[in-house]
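Novice: Got a structure for you, questions after.
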Amino acid sequence: MAAVTRLLCGSRCLLAGCRSGMSTVWRRPPGGCPWTGAARLFSSEDKVKVTFINRDGETIVAEGKVGESLLDLVVEKNLDIDGFGACEGTLACSTCHLIFEDHIFQQLDRVTDEEMDMLDLAYGLTETSRLGCQICLRPFMNGMIVKVPEAVADVRQAMDMGKST
């Protein structure tokens with residue numbers, strides 16, 4: 001059943017634990033997962049306020065909808081977090097690496113093997129590190145603070161540096 005759910009909803013369902021992220025072609029349809037109805041558990045009016053502490057120490061506050069990923073929030077609000085989400089949520093990089101507060105981290109869904117593989121490539125990994133593309137906003141997260149690590153593992157930057165020499 002999990003493989004079918006992944007194929008059909010293509011994103012991380014709040015209840016089913018579906019975490020495909022393997023292709024930019026598969027996306028969650030409007031209204032949430034057709035199998036779990038996860039998006040219907042919360043009103044589309046439900047908002048979650050998130051404070052990002054950027055690499056340079058700058059504080060960026062944004063508000064997103066319940067059910068949207070932290071990566072979606074950064075992209076949709078055009079937040080100035082350099083290099084964030086290079087793979088667009090396909091679990092092919094670790095550029096959306098975020099560090100969570102302990103009390104929030106303890107309430108997050110279990111990390112998948114695929115996410116752990118990508119986290120292993122992240123700079124500044126901590127005990128409370130997760131990928132923003134795998135974390136969907138939920139009401140208990142309202143007011144949370146997440147830290148963007150000081151360094152990022154972005155292959156594009158390495159290629160650009162190679163061109164200049």
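In the structure tokens, chains take letters A, B, ... by order of appearance, with residues numbered from 1 within each chain and ligands from 1 in the order shown.
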What lies within 10 Å of Met116 of chain A using only C-alpha atoms, ignoring chain neighbours under 4 positions off, as an MDAnalysis selection string?

Specialist: chainID A and resid 91 94 111:112 120:122 129:131

Novice: Counting only C-alpha atoms, which residue out of A:Gly57, A:Gly67, A:Gly85, A:Pro149 sits closest to Phe100 of chain A?

Specialist: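 Residue with the minimum atom-to-atom distance to Phe100 of chain A: A:Pro149.
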
Novice: Which one of A:Ile53, A:Leu119, A:Ile145, A:Ile60 sits closest to His97 of chain A if you count only C-alpha atoms?

Specialist: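 Nearest candidate to His97 of chain A out of A:Ile53, A:Leu119, A:Ile145, A:Ile60: A:Leu119.
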
Novice: Enter the distance from atom CA of Lys147 of chain A to atom CA of Arg110 of chain A, in Å, rounded to one decimal.

Specialist: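 Taking atom CA of Lys147 of chain A as the start and atom CA of Arg110 of chain A as the end point, the length is 19.6 Å.
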
Novice: Using only C-alpha atoms, which of A:Met141, A:Cys133, A:Ile99, A:Leu125 sits nearest Lys65 of chain A?

Specialist: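 For Lys65 of chain A, the nearest of the given residues is A:Met141.
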
Novice: Would you compute the distance between atom CA of Met144 of chain A and atom CA of Val48 of chain A? Give it in Å to one decimal.

Specialist: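 Straight-line distance from atom CA of Met144 of chain A to atom CA of Val48 of chain A works out to 8.7 Å.
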
Novice: Could you pull the residues within 8 Å of segment 75-81 of chain A, counting only C-alpha atoms, minus those fewer than 5 positions along the same chain, as a PyMOL selection string?

Specialist: chain A and resi 54-55+60+62

Novice: Report the residues of segment 116-159 of chain A whose backbone DSSP state falls under helix (DSSP H, G or I), written as a JSON list (two decimals) with all heavy atoms, in the first residue's frame.

Specialist:
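result26.json, freshly written:
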```json
[["chain", "number", "residue", "atom", "x", "y", "z"],
["A", 116, "MET", "N", 18.11, 10.16, 5.65],
["A", 116, "MET", "CA", 19.34, 9.98, 6.42],
["A", 116, "MET", "C", 20.55, 9.93, 5.50],
["A", 116, "MET", "O", 21.61, 10.51, 5.81],
["A", 116, "MET", "CB", 19.26, 8.71, 7.28],
["A", 116, "MET", "CG", 20.42, 8.57, 8.24],
["A", 116, "MET", "SD", 20.62, 9.97, 9.36],
["A", 116, "MET", "CE", 19.30, 9.65, 10.50],
["A", 117, "ASP", "N", 20.41, 9.28, 4.35],
["A", 117, "ASP", "CA", 21.51, 9.23, 3.37],
["A", 117, "ASP", "C", 21.91, 10.64, 2.93],
["A", 117, "ASP", "O", 23.09, 10.95, 2.80],
["A", 117, "ASP", "CB", 21.13, 8.39, 2.15],
["A", 117, "ASP", "CG", 21.06, 6.91, 2.46],
["A", 117, "ASP", "OD1", 21.58, 6.48, 3.51],
["A", 117, "ASP", "OD2", 20.47, 6.18, 1.64],
["A", 118, "MET", "N", 20.93, 11.49, 2.70],
["A", 118, "MET", "CA", 21.22, 12.87, 2.28],
["A", 118, "MET", "C", 21.76, 13.69, 3.44],
["A", 118, "MET", "O", 22.67, 14.50, 3.25],
["A", 118, "MET", "CB", 19.97, 13.53, 1.70],
["A", 118, "MET", "CG", 19.58, 13.03, 0.32],
["A", 118, "MET", "SD", 20.86, 13.38, -0.93],
["A", 118, "MET", "CE", 21.57, 11.76, -1.16],
["A", 119, "LEU", "N", 21.25, 13.48, 4.63],
["A", 119, "LEU", "CA", 21.76, 14.20, 5.80],
["A", 119, "LEU", "C", 23.22, 13.86, 6.05],
["A", 119, "LEU", "O", 23.99, 14.71, 6.51],
["A", 119, "LEU", "CB", 20.93, 13.88, 7.04],
["A", 119, "LEU", "CG", 19.60, 14.62, 7.15],
["A", 119, "LEU", "CD1", 18.76, 14.03, 8.27],
["A", 119, "LEU", "CD2", 19.82, 16.10, 7.36],
["A", 132, "GLY", "N", 14.41, 20.21, 5.11],
["A", 132, "GLY", "CA", 13.18, 21.00, 5.04],
["A", 132, "GLY", "C", 12.18, 20.46, 4.04],
["A", 132, "GLY", "O", 10.97, 20.66, 4.20],
["A", 133, "CYS", "N", 12.65, 19.75, 3.02],
["A", 133, "CYS", "CA", 11.73, 19.19, 2.02],
["A", 133, "CYS", "C", 10.92, 18.04, 2.60],
["A", 133, "CYS", "O", 9.89, 17.66, 2.04],
["A", 133, "CYS", "CB", 12.48, 18.74, 0.77],
["A", 133, "CYS", "SG", 13.61, 17.34, 1.02],
["A", 134, "GLN", "N", 11.34, 17.48, 3.72],
["A", 134, "GLN", "CA", 10.69, 16.33, 4.32],
["A", 134, "GLN", "C", 9.83, 16.68, 5.53],
["A", 134, "GLN", "O", 9.20, 15.82, 6.12],
["A", 134, "GLN", "CB", 11.73, 15.28, 4.72],
["A", 134, "GLN", "CG", 12.51, 14.74, 3.55],
["A", 134, "GLN", "CD", 11.60, 14.06, 2.53],
["A", 134, "GLN", "OE1", 10.96, 13.06, 2.84],
["A", 134, "GLN", "NE2", 11.53, 14.61, 1.33],
["A", 139, "PRO", "N", 0.24, 22.30, 13.05],
["A", 139, "PRO", "CA", -0.12, 23.33, 14.03],
["A", 139, "PRO", "C", 0.83, 23.44, 15.22],
["A", 139, "PRO", "O", 1.11, 24.55, 15.69],
["A", 139, "PRO", "CB", -1.53, 22.92, 14.49],
["A", 139, "PRO", "CG", -2.10, 22.23, 13.30],
["A", 139, "PRO", "CD", -0.93, 21.47, 12.69],
["A", 140, "PHE", "N", 1.37, 22.33, 15.73],
["A", 140, "PHE", "CA", 2.26, 22.40, 16.89],
["A", 140, "PHE", "C", 3.55, 23.15, 16.59],
["A", 140, "PHE", "O", 4.27, 23.56, 17.49],
["A", 140, "PHE", "CB", 2.57, 21.01, 17.45],
["A", 140, "PHE", "CG", 3.58, 20.21, 16.68],
["A", 140, "PHE", "CD1", 4.94, 20.37, 16.89],
["A", 140, "PHE", "CD2", 3.17, 19.28, 15.72],
["A", 140, "PHE", "CE1", 5.88, 19.63, 16.18],
["A", 140, "PHE", "CE2", 4.10, 18.54, 15.01],
["A", 140, "PHE", "CZ", 5.46, 18.71, 15.24],
["A", 141, "MET", "N", 3.85, 23.38, 15.32],
["A", 141, "MET", "CA", 5.09, 24.06, 14.93],
["A", 141, "MET", "C", 4.96, 25.58, 14.95],
["A", 141, "MET", "O", 5.96, 26.28, 14.77],
["A", 141, "MET", "CB", 5.51, 23.62, 13.53],
["A", 141, "MET", "CG", 5.85, 22.17, 13.41],
["A", 141, "MET", "SD", 6.14, 21.75, 11.69],
["A", 141, "MET", "CE", 6.65, 20.06, 11.83],
["A", 155, "VAL", "N", 26.58, 20.96, -4.85],
["A", 155, "VAL", "CA", 27.46, 20.58, -5.96],
["A", 155, "VAL", "C", 27.59, 21.71, -6.97],
["A", 155, "VAL", "O", 28.64, 21.91, -7.56],
["A", 155, "VAL", "CB", 26.92, 19.30, -6.65],
["A", 155, "VAL", "CG1", 27.71, 18.96, -7.89],
["A", 155, "VAL", "CG2", 26.94, 18.15, -5.68],
["A", 156, "ARG", "N", 26.54, 22.50, -7.15],
["A", 156, "ARG", "CA", 26.59, 23.61, -8.11],
["A", 156, "ARG", "C", 27.69, 24.59, -7.75],
["A", 156, "ARG", "O", 28.36, 25.13, -8.60],
["A", 156, "ARG", "CB", 25.25, 24.33, -8.16],
["A", 156, "ARG", "CG", 24.12, 23.45, -8.65],
["A", 156, "ARG", "CD", 22.79, 24.15, -8.56],
["A", 156, "ARG", "NE", 22.60, 24.65, -7.20],
["A", 156, "ARG", "CZ", 21.70, 25.56, -6.86],
["A", 156, "ARG", "NH1", 20.92, 26.08, -7.77],
["A", 156, "ARG", "NH2", 21.57, 25.95, -5.62],
["A", 157, "GLN", "N", 27.89, 24.85, -6.44],
["A", 157, "GLN", "CA", 28.94, 25.77, -6.02],
["A", 157, "GLN", "C", 30.31, 25.20, -6.35],
["A", 157, "GLN", "O", 31.20, 25.92, -6.80],
["A", 157, "GLN", "CB", 28.84, 26.06, -4.53],
["A", 157, "GLN", "CG", 27.64, 26.89, -4.17],
["A", 157, "GLN", "CD", 27.52, 27.09, -2.67],
["A", 157, "GLN", "OE1", 28.17, 26.42, -1.87],
["A", 157, "GLN", "NE2", 26.68, 28.03, -2.28],
["A", 158, "ALA", "N", 30.51, 23.92, -6.15],
["A", 158, "ALA", "CA", 31.80, 23.29, -6.47],
["A", 158, "ALA", "C", 32.08, 23.37, -7.96],
["A", 158, "ALA", "O", 33.22, 23.61, -8.37],
["A", 158, "ALA", "CB", 31.80, 21.83, -6.00],
["A", 159, "MET", "N", 31.06, 23.19, -8.78],
["A", 159, "MET", "CA", 31.25, 23.28, -10.24],
["A", 159, "MET", "C", 31.60, 24.69, -10.65],
["A", 159, "MET", "O", 32.46, 24.92, -11.47],
["A", 159, "MET", "CB", 30.00, 22.77, -10.98],
["A", 159, "MET", "CG", 29.80, 21.28, -10.87],
["A", 159, "MET", "SD", 28.52, 20.59, -11.90],
["A", 159, "MET", "CE", 27.08, 21.55, -11.49]]
```

Novice: Would you please work out which residue, of A:Glu101, A:Asp82, A:Asp72, A:Glu63, is nearest to Asn142 of chain A when using only C-alpha atoms?

Specialist: A:Glu63

Novice: Figure out the distance between atom CA of Thr90 of chain A and atom CA of Glu114 of chain A, please, to one decimal in Å.

Specialist: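 Answer for the atom CA of Glu114 of chain A to atom CA of Thr90 of chain A separation: 10.3 Å.
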